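S.K.: Let me give you the structure first, and then I'll get to my questions.
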Amino acid sequence: MLNKFLPGFLLLAFSISAHAILPIQHWQTPSGARVLFVENHDMPMVDIKVDFSAGSSRDTEKKSGLAGMTRYMMTRGAGDLDEDEISGRLADIGANLGGDFDRDMAGFSVRTLSSKEGDAIDILAKILKSPRFEEKILEREKKRAIAEIRDAQTDPGYVSNKTFYKLLYADHPYALPPQGEIDTLKTLTRQDVLDFYKDHYTAEREVIAIVGDLTRDQAQAISNKLSEGLQPDQPQPSLPDVPLPVKPIEKDIAFPSTQSHILIGYPGVARGDPDYFPLLVGNYVLGGGGFESRLLNEVREKRGLAYSVYSYFLPLEKKGPFMVGLQTRKDQTKEALGIVWKTIDDFIAKGPTSKDLTAAKENLIGGFPLRIDSNRKIVDYLAMIGFYNLPLTYLDDFTKKIGEVTVGEIRDAFSRRVNPHDMVTVVVGSGG
């Protein structure tokens with residue numbers, strides 16, 4: 001049945017790609033920021049995203065949490081606006097201020113009516129160029145962040161995730177938790193925050209993504225305003241490559257939870273890696289396809305050992321993790337682990353069947369329009385393309401590259417990129 005429908009999906013994919021689903025305009029501002037813009041007049045809305053290479057991987061072990069604190073403090077008062085005035089003025093014009101923070105990037109986003117974009121851009125420009133970093137607010141936010149970490153330490157999911165990254169990445173900056181550590185947050189000073197801001201929030205390290213009801217000239221004026229006057233660029237060391245584990249690592253942490261929280265993984269791929277699409281399609285069969293995946297079938301459907309089990313690749317600037325996760329009753333931990341490991345081993349050795357591949361392609365290609373069905377999703381993709389220097393045709397090529405993946409390519413990619421015998425395994429809650 002699946003074969004019957006695949007040609008239609010592939011035809012749709014070809015049609016989408018051939019007609020350039022997203023005509024991305026791009027340029028560089030006089031200050032050096034990279035800009036990606038999609039003009040869309042369907043709604044009187046504008047979505048803007050501004051990202052910097054200022055994620056937690058730019059922290060040091062002694063100042064873990066500095067990157068996240070700097071990004072958060074930028075919205076707590078800027079220029080002639082205090083934190084209440086920032087939120088109040090945005091509410092007055094119906095604009096939403098948000099943002100992202102992860103191991104690679106720190107950023108801000110604004111969604112506003114196109115008729116009010118000038119007011120929203122004025123506020124965002126102040127946040128980017130003249131954050132106050134007030135001492136009393138910094139002390140308050142440090143206490144808030146420390147309280148959040150203390151609360152999170154009672155969550156086995158938090159403990160397992162933090163432990164997993166530490167074991168997987170060891171001395172690499174990706175091992176540092178984005179939230180920071182209680183002891184390091186306590187020592188952060190206003191000067192630390194100011195220095196981090198000056199070093200990392202520069203126009204040369206800025207990516208601006210814009211989607212919505214604007215002309216090219218309007219978008220250029222916005223991007224110039226969001227980049228001019230930023231700090232001069234400061235040389236920063238490149239992130240080191242991620243070393244691969246040389247032996248299996250297993251960590252069992254006793255925890256007063258009703259279930260064991262399990263994470264298994266290995267360094268995966270970086271953004272732009274040519275193996276990404278074979279790994280994406282293959283992982284859909286292994287653990288990314290919900291009820292259709294091997295892991296869920298073996299662990300849940302056949303044996304009832306877990307309600308959910310999943311796997312995914314998270315590409316980053318350097319090798320992000322390949323991760324498998326599940327929760328199971330404490331007394332079933334050993335059995336569930338055995339089944340997961342065997343399923344991974346078998347998949348890496350044999351790969352998907354032709355039927356599996358057809359179903360995976362059909363679902364990934366058929367679901368592609370949902371990835372870009374709103375301006376907010378599109379602006380996120382533009383930001384990713386710009387930040388990681390991906391081809392501007394990335395979205396146009398997406399379904400084509402999925403359609404071209406073969407069983408042999410999946411087997412080859414998994415065999416080279418995932419070593420099932422040297423994986424990191426973390427179990428939190430099994431009783432030690």
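Simple scheme: letters A, B, ... for chains in structure tokens order, numbers from 1 for residues in each chain, numbers from 1 for ligands in the order shown.
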Applying 9 Å and only C-alpha atoms, which residues near Tyr201 of chain A remain after dropping the ones on its own chain fewer than 4 positions away? List them as an mmCIF file with N, CA and C atoms, in the first residue's frame.
M.R.:
```cif
data_model
loop_
_atom_site.group_PDB
_atom_site.id
_atom_site.type_symbol
_atom_site.label_atom_id
_atom_site.label_comp_id
_atom_site.auth_asym_id
_atom_site.auth_seq_id
_atom_site.Cartn_x
_atom_site.Cartn_y
_atom_site.Cartn_z
ATOM 1 N N PHE A 52 23.121 35.131 17.860
ATOM 2 C CA PHE A 52 24.552 35.348 18.002
ATOM 3 C C PHE A 52 25.217 34.034 18.431
ATOM 4 N N SER A 53 26.488 33.896 18.093
ATOM 5 C CA SER A 53 27.251 32.728 18.550
ATOM 6 C C SER A 53 27.655 32.980 19.996
ATOM 7 N N ALA A 54 26.690 32.815 20.880
ATOM 8 C CA ALA A 54 26.876 33.176 22.287
ATOM 9 C C ALA A 54 26.151 32.191 23.197
ATOM 10 N N LEU A 128 19.524 44.977 22.097
ATOM 11 C CA LEU A 128 20.751 44.466 21.493
ATOM 12 C C LEU A 128 21.949 45.380 21.732
ATOM 13 N N LYS A 129 21.708 46.695 21.728
ATOM 14 C CA LYS A 129 22.837 47.624 21.707
ATOM 15 C C LYS A 129 23.119 48.340 23.021
ATOM 16 N N PHE A 196 31.317 39.517 28.694
ATOM 17 C CA PHE A 196 30.796 38.498 27.787
ATOM 18 C C PHE A 196 29.981 39.157 26.679
ATOM 19 N N TYR A 197 29.161 40.119 27.046
ATOM 20 C CA TYR A 197 28.362 40.844 26.054
ATOM 21 C C TYR A 197 29.260 41.515 25.019
ATOM 22 N N ARG A 205 29.063 38.647 14.182
ATOM 23 C CA ARG A 205 28.595 37.349 14.674
ATOM 24 C C ARG A 205 27.066 37.283 14.730
ATOM 25 N N GLU A 206 26.419 38.229 14.084
ATOM 26 C CA GLU A 206 24.963 38.362 14.143
ATOM 27 C C GLU A 206 24.318 37.809 12.876
ATOM 28 N N LEU A 230 26.711 48.028 17.172
ATOM 29 C CA LEU A 230 27.070 46.951 18.093
ATOM 30 C C LEU A 230 28.569 46.995 18.388
ATOM 31 N N GLN A 231 28.992 46.231 19.382
ATOM 32 C CA GLN A 231 30.392 46.216 19.775
ATOM 33 C C GLN A 231 31.282 45.770 18.604
ATOM 34 N N PRO A 232 32.505 46.286 18.537
ATOM 35 C CA PRO A 232 33.434 45.791 17.503
ATOM 36 C C PRO A 232 33.762 44.329 17.740
ATOM 37 N N ASP A 233 34.010 43.622 16.652
ATOM 38 C CA ASP A 233 34.233 42.183 16.763
ATOM 39 C C ASP A 233 35.503 41.871 17.537
#
```
S.K.: Report the closest atom pair, with its distance in Å rounded to one decimal, for each residue of segment 10-72 of chain A that has an atom no farther than 12 Å from segment 379-386 of chain A; count only C-alpha atoms, sort by chain and then rising residue number, and write it as a tab-separated table.
M.R.:
```
residue	atom	partner	partner_atom	distance
A:Leu22	CA	A:Leu382	CA	9.9
A:Pro23	CA	A:Leu382	CA	11.1
A:Ile24	CA	A:Leu382	CA	8.3
A:Gln25	CA	A:Leu382	CA	10.3
A:His26	CA	A:Gly386	CA	9.3
A:Trp27	CA	A:Gly386	CA	10.7
A:Gln28	CA	A:Gly386	CA	11.1
A:Ala33	CA	A:Gly386	CA	10.2
A:Arg34	CA	A:Gly386	CA	7.1
A:Val35	CA	A:Gly386	CA	7.5
A:Leu36	CA	A:Leu382	CA	6.3
A:Phe37	CA	A:Leu382	CA	7.7
A:Val38	CA	A:Val379	CA	8.4
A:Glu39	CA	A:Val379	CA	11.1
A:Asn40	CA	A:Val379	CA	11.5
A:Val46	CA	A:Val379	CA	9.7
A:Asp47	CA	A:Val379	CA	6.7
A:Ile48	CA	A:Val379	CA	6.9
A:Lys49	CA	A:Ala383	CA	6.7
A:Val50	CA	A:Ala383	CA	7.6
A:Asp51	CA	A:Ala383	CA	7.2
A:Phe52	CA	A:Ala383	CA	10.2
A:Ser53	CA	A:Gly386	CA	11.5
```
S.K.: Using only C-alpha atoms, which residue out of A:Asp213, A:Asp241, A:Asp396, A:Asp102 lies closest to Met43 of chain A?
M.R.: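 Once distances to Met43 of chain A are computed over only C-alpha atoms, the minimum belongs to A:Asp213.
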S.K.: From the list A:Gly351, A:Gly157, A:Gly212, A:Pro243, which residue is nearest Val110 of chain A when using only C-alpha atoms?
M.R.: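 Smallest distance to Val110 of chain A is found for A:Gly212.
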S.K.: To one decimal place in Å, what is the distance between atom CA of Leu90 of chain A and atom CA of Thr112 of chain A?
M.R.: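 Interatomic distance, atom CA of Leu90 of chain A to atom CA of Thr112 of chain A: 8.9 Å.
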S.K.: Hey, what does DSSP flag as strand (DSSP E) within segment 8-227 of chain A? Can you give it to me as a PyMOL selection string?
M.R.: chain A and resi 25-28+34-39+45-52+77-78+81-82+96-101+106-113+206-212
S.K.: Keeping C-alpha atoms, export the residues of the selection given above as a PDB file, in the first residue's frame.
M.R.:
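Output file out-v5.pdb follows:
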```pdb
ATOM      1  CA  GLN A  25      16.670  37.090  -0.241  1.00  0.00           C
ATOM      2  CA  HIS A  26      19.980  37.605   1.501  1.00  0.00           C
ATOM      3  CA  TRP A  27      22.579  40.294   2.062  1.00  0.00           C
ATOM      4  CA  GLN A  28      25.094  41.624   4.541  1.00  0.00           C
ATOM      5  CA  ARG A  34      24.192  38.354   7.716  1.00  0.00           C
ATOM      6  CA  VAL A  35      20.516  38.780   6.771  1.00  0.00           C
ATOM      7  CA  LEU A  36      17.967  36.325   5.324  1.00  0.00           C
ATOM      8  CA  PHE A  37      14.536  37.616   4.292  1.00  0.00           C
ATOM      9  CA  VAL A  38      11.322  36.111   2.925  1.00  0.00           C
ATOM     10  CA  GLU A  39       8.696  38.592   1.777  1.00  0.00           C
ATOM     11  CA  MET A  45       2.587  40.440  10.464  1.00  0.00           C
ATOM     12  CA  VAL A  46       6.359  40.459  10.756  1.00  0.00           C
ATOM     13  CA  ASP A  47       8.551  37.851  12.460  1.00  0.00           C
ATOM     14  CA  ILE A  48      12.175  38.710  13.233  1.00  0.00           C
ATOM     15  CA  LYS A  49      14.857  36.558  14.799  1.00  0.00           C
ATOM     16  CA  VAL A  50      18.348  37.748  15.761  1.00  0.00           C
ATOM     17  CA  ASP A  51      20.969  35.163  16.796  1.00  0.00           C
ATOM     18  CA  PHE A  52      24.552  35.348  18.002  1.00  0.00           C
ATOM     19  CA  GLY A  77      16.436  46.829  31.041  1.00  0.00           C
ATOM     20  CA  ALA A  78      17.963  48.578  28.033  1.00  0.00           C
ATOM     21  CA  LEU A  81      13.647  51.508  29.316  1.00  0.00           C
ATOM     22  CA  ASP A  82      13.537  49.459  32.488  1.00  0.00           C
ATOM     23  CA  ASN A  96       5.683  39.409  21.452  1.00  0.00           C
ATOM     24  CA  LEU A  97       9.303  39.231  22.562  1.00  0.00           C
ATOM     25  CA  GLY A  98      10.907  35.816  22.834  1.00  0.00           C
ATOM     26  CA  GLY A  99      14.150  34.092  22.062  1.00  0.00           C
ATOM     27  CA  ASP A 100      16.311  31.018  22.172  1.00  0.00           C
ATOM     28  CA  PHE A 101      19.328  29.841  24.071  1.00  0.00           C
ATOM     29  CA  ALA A 106      21.706  32.968  21.980  1.00  0.00           C
ATOM     30  CA  GLY A 107      19.008  34.986  20.319  1.00  0.00           C
ATOM     31  CA  PHE A 108      15.924  37.148  20.426  1.00  0.00           C
ATOM     32  CA  SER A 109      12.703  37.098  18.437  1.00  0.00           C
ATOM     33  CA  VAL A 110       9.934  39.611  17.880  1.00  0.00           C
ATOM     34  CA  ARG A 111       6.499  39.084  16.366  1.00  0.00           C
ATOM     35  CA  THR A 112       4.525  42.222  15.599  1.00  0.00           C
ATOM     36  CA  LEU A 113       1.948  43.765  13.297  1.00  0.00           C
ATOM     37  CA  GLU A 206      24.963  38.362  14.143  1.00  0.00           C
ATOM     38  CA  VAL A 207      22.415  36.570  11.966  1.00  0.00           C
ATOM     39  CA  ILE A 208      19.122  38.358  11.280  1.00  0.00           C
ATOM     40  CA  ALA A 209      16.135  36.444   9.878  1.00  0.00           C
ATOM     41  CA  ILE A 210      13.033  38.348   8.750  1.00  0.00           C
ATOM     42  CA  VAL A 211       9.730  37.005   7.401  1.00  0.00           C
ATOM     43  CA  GLY A 212       6.544  38.882   6.703  1.00  0.00           C
TER      44      GLY A 212
END
```
S.K.: Among the residues of segment 198-353 of chain A, find those DSSP assigns to alpha helix (DSSP H) from the backbone and print them as JSON, numbers by chain.
M.R.: {"A": [198, 199, 200, 216, 217, 218, 219, 220, 221, 222, 223, 224, 225, 226, 227, 276, 277, 278, 279, 280, 281, 282, 283, 294, 295, 296, 333, 334, 335, 336, 337, 338, 339, 340, 341, 342, 343, 344, 345, 346, 347, 348, 349, 350]}
S.K.: Atoms to include: N, CA and C atoms. Write the selected residues as a short mmCIF file (atom, residue, chain, number, x, y, z; two decimals), in the first residue's frame.
M.R.:
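After the write, out-v4.cif holds the following:
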```cif
data_model
loop_
_atom_site.label_atom_id
_atom_site.label_comp_id
_atom_site.auth_asym_id
_atom_site.auth_seq_id
_atom_site.Cartn_x
_atom_site.Cartn_y
_atom_site.Cartn_z
N LYS A 198 30.29 42.21 25.45
CA LYS A 198 31.18 42.91 24.53
C LYS A 198 31.91 41.95 23.60
N ASP A 199 32.25 40.78 24.11
CA ASP A 199 33.01 39.82 23.31
C ASP A 199 32.17 39.09 22.27
N HIS A 200 30.88 38.88 22.56
CA HIS A 200 30.08 37.97 21.74
C HIS A 200 28.92 38.60 20.99
N ARG A 216 11.67 44.68 0.45
CA ARG A 216 13.11 44.51 0.62
C ARG A 216 13.72 45.75 1.26
N ASP A 217 13.32 46.92 0.82
CA ASP A 217 13.86 48.16 1.39
C ASP A 217 13.56 48.27 2.88
N GLN A 218 12.34 47.93 3.27
CA GLN A 218 11.98 47.98 4.69
C GLN A 218 12.81 46.97 5.50
N ALA A 219 12.98 45.78 4.95
CA ALA A 219 13.76 44.76 5.64
C ALA A 219 15.21 45.19 5.78
N GLN A 220 15.75 45.84 4.76
CA GLN A 220 17.13 46.33 4.85
C GLN A 220 17.26 47.40 5.92
N ALA A 221 16.29 48.29 6.00
CA ALA A 221 16.34 49.34 7.02
C ALA A 221 16.30 48.72 8.42
N ILE A 222 15.47 47.69 8.59
CA ILE A 222 15.38 47.01 9.90
C ILE A 222 16.71 46.34 10.24
N SER A 223 17.27 45.60 9.29
CA SER A 223 18.51 44.89 9.58
C SER A 223 19.65 45.86 9.88
N ASN A 224 19.69 46.99 9.17
CA ASN A 224 20.72 47.98 9.47
C ASN A 224 20.57 48.52 10.89
N LYS A 225 19.34 48.76 11.29
CA LYS A 225 19.10 49.31 12.62
C LYS A 225 19.48 48.31 13.71
N LEU A 226 19.28 47.01 13.44
CA LEU A 226 19.57 45.98 14.44
C LEU A 226 21.05 45.59 14.48
N SER A 227 21.84 46.10 13.56
CA SER A 227 23.25 45.72 13.54
C SER A 227 24.21 46.89 13.73
N TYR A 276 23.73 13.66 7.10
CA TYR A 276 22.55 14.00 7.89
C TYR A 276 21.27 13.38 7.32
N PHE A 277 21.07 13.45 6.02
CA PHE A 277 19.81 12.95 5.48
C PHE A 277 19.69 11.43 5.55
N PRO A 278 20.73 10.65 5.25
CA PRO A 278 20.62 9.20 5.49
C PRO A 278 20.36 8.89 6.97
N LEU A 279 20.98 9.64 7.88
CA LEU A 279 20.76 9.40 9.31
C LEU A 279 19.34 9.81 9.72
N LEU A 280 18.84 10.91 9.17
CA LEU A 280 17.49 11.36 9.48
C LEU A 280 16.45 10.33 9.05
N VAL A 281 16.59 9.86 7.81
CA VAL A 281 15.63 8.88 7.30
C VAL A 281 15.77 7.56 8.05
N GLY A 282 17.00 7.11 8.27
CA GLY A 282 17.21 5.87 9.01
C GLY A 282 16.69 5.94 10.42
N ASN A 283 16.90 7.08 11.08
CA ASN A 283 16.43 7.20 12.46
C ASN A 283 14.91 7.22 12.55
N ARG A 294 11.14 0.97 15.12
CA ARG A 294 11.61 -0.32 15.64
C ARG A 294 11.65 -0.32 17.17
N LEU A 295 12.22 0.72 17.74
CA LEU A 295 12.37 0.76 19.19
C LEU A 295 11.02 0.67 19.90
N LEU A 296 10.05 1.43 19.42
CA LEU A 296 8.74 1.40 20.07
C LEU A 296 8.08 0.04 19.88
N THR A 333 14.31 -2.37 34.38
CA THR A 333 15.40 -1.59 33.79
C THR A 333 16.36 -2.45 32.99
N LYS A 334 16.83 -3.52 33.59
CA LYS A 334 17.83 -4.36 32.92
C LYS A 334 17.27 -4.97 31.64
N GLU A 335 16.03 -5.45 31.70
CA GLU A 335 15.42 -6.06 30.52
C GLU A 335 15.24 -5.02 29.42
N ALA A 336 14.74 -3.83 29.79
CA ALA A 336 14.51 -2.79 28.79
C ALA A 336 15.82 -2.36 28.13
N LEU A 337 16.86 -2.20 28.94
CA LEU A 337 18.16 -1.84 28.37
C LEU A 337 18.65 -2.88 27.38
N GLY A 338 18.50 -4.15 27.74
CA GLY A 338 18.94 -5.22 26.85
C GLY A 338 18.24 -5.17 25.51
N ILE A 339 16.93 -4.91 25.54
CA ILE A 339 16.17 -4.85 24.29
C ILE A 339 16.58 -3.64 23.46
N VAL A 340 16.78 -2.50 24.11
CA VAL A 340 17.18 -1.29 23.38
C VAL A 340 18.54 -1.50 22.73
N TRP A 341 19.51 -1.99 23.49
CA TRP A 341 20.84 -2.22 22.92
C TRP A 341 20.79 -3.19 21.75
N LYS A 342 20.03 -4.27 21.90
CA LYS A 342 19.94 -5.25 20.81
C LYS A 342 19.29 -4.64 19.57
N THR A 343 18.25 -3.83 19.77
CA THR A 343 17.58 -3.21 18.64
C THR A 343 18.51 -2.25 17.91
N ILE A 344 19.29 -1.49 18.67
CA ILE A 344 20.26 -0.58 18.06
C ILE A 344 21.31 -1.38 17.30
N ASP A 345 21.86 -2.40 17.93
CA ASP A 345 22.87 -3.24 17.28
C ASP A 345 22.35 -3.82 15.97
N ASP A 346 21.16 -4.39 16.02
CA ASP A 346 20.58 -5.01 14.83
C ASP A 346 20.37 -3.99 13.72
N PHE A 347 19.89 -2.80 14.09
CA PHE A 347 19.62 -1.79 13.07
C PHE A 347 20.90 -1.31 12.41
N ILE A 348 21.94 -1.07 13.23
CA ILE A 348 23.20 -0.62 12.66
C ILE A 348 23.80 -1.70 11.76
N ALA A 349 23.64 -2.96 12.14
CA ALA A 349 24.20 -4.05 11.34
C ALA A 349 23.42 -4.28 10.05
N LYS A 350 22.10 -4.14 10.10
CA LYS A 350 21.27 -4.53 8.96
C LYS A 350 20.58 -3.36 8.26
#
```
S.K.: So the first atom is atom CA of Ala203 of chain A and the second is atom CA of Glu139 of chain A; what is the distance between them in Å, to one decimal place?
M.R.: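 For atom CA of Ala203 of chain A relative to atom CA of Glu139 of chain A, the distance reads 28.5 Å.
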S.K.: Give me, as a ChimeraX atom specification, all polymer residues having an atom no more than 9 Å from Leu185 of chain A, counting only C-alpha atoms and skipping those fewer than 6 positions away in the same chain.
M.R.: /A:63-66,69,142-143,145-146
S.K.: Restricting the output to N, CA and C atoms, write the selected residues as a compact mmCIF listing (two decimals), in the first residue's frame.
M.R.:
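File produced: out37.txt:
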```
# COMPACT_ATOMS: atom_id res chain seq x y z
N LYS A 63 32.97 29.69 34.97
CA LYS A 63 31.89 30.67 34.81
C LYS A 63 30.71 30.06 34.06
N SER A 64 30.41 28.80 34.36
CA SER A 64 29.26 28.14 33.74
C SER A 64 27.97 28.87 34.09
N GLY A 65 27.17 29.18 33.08
CA GLY A 65 25.94 29.93 33.29
C GLY A 65 26.05 31.38 32.89
N LEU A 66 27.25 31.85 32.59
CA LEU A 66 27.45 33.26 32.23
C LEU A 66 26.76 33.61 30.92
N MET A 69 22.99 33.84 31.48
CA MET A 69 22.65 34.99 32.30
C MET A 69 22.77 36.29 31.50
N LYS A 142 20.31 36.03 39.60
CA LYS A 142 21.17 34.94 40.03
C LYS A 142 20.45 34.06 41.06
N LYS A 143 19.76 34.69 41.99
CA LYS A 143 18.99 33.93 42.99
C LYS A 143 17.88 33.13 42.33
N ALA A 145 17.85 31.98 39.19
CA ALA A 145 18.44 30.88 38.44
C ALA A 145 18.91 29.76 39.37
N ILE A 146 19.49 30.12 40.49
CA ILE A 146 19.94 29.12 41.46
C ILE A 146 18.76 28.35 42.02
```
S.K.: Could you list, with a cut-off of 12 Å and counting only C-alpha atoms, the residues of segment 201-302 of chain A near segment 316-324 of chain A, each shown with its nearest atom pair and the distance in Å rounded to one decimal, rows sorted by chain and ascending number, as JSON lines?
M.R.:
```
{"residue": "A:Ser238", "atom": "CA", "partner": "A:Glu317", "partner_atom": "CA", "distance": 10.2}
{"residue": "A:Leu239", "atom": "CA", "partner": "A:Lys318", "partner_atom": "CA", "distance": 7.5}
{"residue": "A:Pro240", "atom": "CA", "partner": "A:Lys318", "partner_atom": "CA", "distance": 7.9}
{"residue": "A:Asp241", "atom": "CA", "partner": "A:Lys318", "partner_atom": "CA", "distance": 6.3}
{"residue": "A:Val242", "atom": "CA", "partner": "A:Lys319", "partner_atom": "CA", "distance": 6.1}
{"residue": "A:Pro243", "atom": "CA", "partner": "A:Lys319", "partner_atom": "CA", "distance": 9.1}
{"residue": "A:Leu244", "atom": "CA", "partner": "A:Lys319", "partner_atom": "CA", "distance": 9.7}
{"residue": "A:His261", "atom": "CA", "partner": "A:Val324", "partner_atom": "CA", "distance": 11.0}
{"residue": "A:Ile262", "atom": "CA", "partner": "A:Val324", "partner_atom": "CA", "distance": 8.1}
{"residue": "A:Leu263", "atom": "CA", "partner": "A:Val324", "partner_atom": "CA", "distance": 5.7}
{"residue": "A:Ile264", "atom": "CA", "partner": "A:Val324", "partner_atom": "CA", "distance": 5.0}
{"residue": "A:Gly265", "atom": "CA", "partner": "A:Met323", "partner_atom": "CA", "distance": 4.4}
{"residue": "A:Tyr266", "atom": "CA", "partner": "A:Phe322", "partner_atom": "CA", "distance": 5.3}
{"residue": "A:Pro267", "atom": "CA", "partner": "A:Pro321", "partner_atom": "CA", "distance": 4.6}
{"residue": "A:Gly268", "atom": "CA", "partner": "A:Phe322", "partner_atom": "CA", "distance": 4.8}
{"residue": "A:Val269", "atom": "CA", "partner": "A:Lys319", "partner_atom": "CA", "distance": 4.4}
{"residue": "A:Ala270", "atom": "CA", "partner": "A:Lys319", "partner_atom": "CA", "distance": 4.4}
{"residue": "A:Arg271", "atom": "CA", "partner": "A:Leu316", "partner_atom": "CA", "distance": 5.5}
{"residue": "A:Gly272", "atom": "CA", "partner": "A:Glu317", "partner_atom": "CA", "distance": 8.8}
{"residue": "A:Asp273", "atom": "CA", "partner": "A:Lys319", "partner_atom": "CA", "distance": 9.3}
{"residue": "A:Asp275", "atom": "CA", "partner": "A:Lys319", "partner_atom": "CA", "distance": 11.8}
{"residue": "A:Tyr276", "atom": "CA", "partner": "A:Lys319", "partner_atom": "CA", "distance": 11.1}
{"residue": "A:Leu279", "atom": "CA", "partner": "A:Phe322", "partner_atom": "CA", "distance": 9.8}
{"residue": "A:Leu280", "atom": "CA", "partner": "A:Phe322", "partner_atom": "CA", "distance": 10.7}
{"residue": "A:Asn283", "atom": "CA", "partner": "A:Phe322", "partner_atom": "CA", "distance": 9.6}
{"residue": "A:Leu286", "atom": "CA", "partner": "A:Val324", "partner_atom": "CA", "distance": 9.8}
{"residue": "A:Gly287", "atom": "CA", "partner": "A:Val324", "partner_atom": "CA", "distance": 7.8}
{"residue": "A:Gly288", "atom": "CA", "partner": "A:Val324", "partner_atom": "CA", "distance": 9.7}
{"residue": "A:Leu295", "atom": "CA", "partner": "A:Val324", "partner_atom": "CA", "distance": 9.2}
{"residue": "A:Leu296", "atom": "CA", "partner": "A:Val324", "partner_atom": "CA", "distance": 11.2}
```
S.K.: Between A:Thr29, A:Thr425, A:Ser430, A:Thr184, which residue has the minimum interatomic distance to Tyr165 of chain A, considering only C-alpha atoms?
M.R.: A:Thr425
S.K.: Residues at most 8 Å from Ser308 of chain A, counting only C-alpha atoms, excluding those fewer than 2 positions away in the same chain, as an MDAnalysis selection string?
M.R.: chainID A and resid 296 300 306 310 326:327
